[in-house]
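Asks: Could you have a look at this structure, given as structure tokens, before my questions?
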Amino acid sequence: MANGSFLPSKQAKILTVALLAQGALFYATSRTEAAVHALPLREFPLRAGDWVTAREGYVDEETQSVLRADDTLTRTYAHSDQRRAAQLFVAFFKTQRTGQKPHSPKNCLPGSGWEMTRPGRIQVAVAGEPRPIEINKYLVTHGEERSIVLYWYQTSNRIIASEYSAMYWLIADSIRYNRTDTALVRVVSPVAGNDEDAAVQTGVEFVQAFYPSLRRQLWPE
């Protein structure tokens, strides 16, 4: 404390929002949450523009027991030029009232041995949105492997980059719309030949290709 003033830290702000979120969710439990009619992610298109499925992945039981998502998708797509690939991971949560919530890649990737560096955000123009969406961008390394990670949180109403903002909108949407469904969307693009810019561009083009299908899959109404 300086000059008799108190300036809350970022951690204190996050804790405050988390407590408000818990209070809002407690209030919301007195009402039946609005029904969610998402389509199964296993039916997500195998092709998106010039990208086609190269490998189907899965979430093992141990990871799922921690993640507690209602539905997941892990799939690698290859571009038609055969020189580029991108991995798509989606974790969908029908509700966050029962303690289920997305786990930030900033926490789970380091736990898997990946080091996240060069944090930033980028704007991506996608079909169906009136303005570019803002998403997170990281460089991750694991030994000699290097990749670009793009990720965001998505609801039926908005795309959110910040974990702090995601908690805020959880409160707002649970009160205004009586729903707490959300998805964590992550794209991983390998860095080839130390060309990080090319990896970012690959990730961006892949996001632009699959984004409209993702909206239709999770929020078809």
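By order in the structure tokens, chains are A, B, ...; within a chain, residues start at 1; ligands start at 1, following the order shown.
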Find the residues around A:Asp173 up to 12 Å (only C-alpha atoms counted), leave out those fewer than 2 positions away in its own chain, and share them as a short mmCIF file (atom, residue, chain, number, x, y, z; two decimals) with C-alpha atoms, in the first residue's frame.

Replies:
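The file below, part.cif, is the result:
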data_model
loop_
_atom_site.label_atom_id
_atom_site.label_comp_id
_atom_site.auth_asym_id
_atom_site.auth_seq_id
_atom_site.Cartn_x
_atom_site.Cartn_y
_atom_site.Cartn_z
CA ALA A 21 -18.99 -16.13 -11.00
CA ALA A 24 -23.94 -15.91 -10.19
CA LEU A 25 -23.93 -19.65 -10.87
CA ALA A 28 -28.71 -19.38 -11.62
CA GLU A 33 -30.68 -23.76 -17.58
CA ALA A 34 -31.62 -23.16 -21.20
CA THR A 95 -22.87 -26.13 -18.56
CA GLN A 96 -20.39 -24.72 -16.07
CA THR A 155 -19.95 -19.18 -26.69
CA SER A 156 -23.04 -18.82 -28.82
CA ASN A 157 -22.69 -15.04 -28.56
CA ARG A 158 -18.99 -14.22 -28.66
CA SER A 165 -12.99 -11.86 -19.68
CA ALA A 166 -14.30 -15.42 -20.00
CA MET A 167 -15.17 -15.40 -16.29
CA TYR A 168 -16.86 -12.01 -16.65
CA TRP A 169 -19.01 -13.16 -19.55
CA LEU A 170 -19.85 -16.36 -17.70
CA ILE A 171 -21.49 -14.20 -15.05
CA ILE A 175 -27.87 -14.04 -15.63
CA ARG A 176 -29.03 -12.59 -18.94
CA TYR A 177 -29.44 -15.72 -21.06
CA ASN A 178 -29.64 -18.43 -18.36
CA ARG A 179 -26.91 -20.47 -20.04
CA THR A 180 -23.24 -21.22 -19.37
CA ASP A 181 -22.27 -23.42 -22.33
CA THR A 182 -18.86 -22.74 -23.80
#

Asks: Mind checking DSSP for stretch 132-218 of chain A and telling me the strand (DSSP E or B) residues as a VMD selection string?

Replies: chain A and resid 133 to 142 145 to 154 159 to 160 182 to 190

Asks: Find the spatial neighbours of stretch 140-147 of chain A, counting only C-alpha atoms, within a cut-off of 6 Å - ignore same-chain residues fewer than 3 positions away - and output them as a list of chain:residue names.

Replies: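 Contacts, in chain order: A:Trp114, A:Glu115, A:Met116, A:Ser189, A:Pro190, A:Val191.
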
Asks: Within 10 Å of A:Gly203, counting only C-alpha atoms, which residues qualify if same-chain residues fewer than 4 places away don't, as a count of residues only?

Replies: 20

Asks: Taking the backbone alone, and naming residues the way the document does, which bits of stretch 81-154 of chain A are alpha helix (DSSP H) by DSSP, as a list in words?

Replies: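 Of stretch 81-154 of chain A, the ones in alpha helix (DSSP H) are Pro105, Lys106, Asn107, Cys108, Leu109, Pro110 and Gly111 of chain A.
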
Asks: Name the closest residue to A:Phe93 among the candidates A:Ala35, A:Ala69, A:Leu139, A:Ile122; distances are taken between atoms, counting only C-alpha atoms.

Replies: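 Distance minimum relative to A:Phe93 lands on A:Ala69.
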
Asks: Smallest atom-to-atom distance to A:Ala48: which of A:Ser80, A:Gln100, A:Ala183, A:Thr74, using only C-alpha atoms?

Replies: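 Smallest distance to A:Ala48 is found for A:Ser80.
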
Asks: Quote the spacing between atom CA of A:Gln217 and atom CA of A:Ala38 in Å to one decimal place.

Replies: 6.2 Å
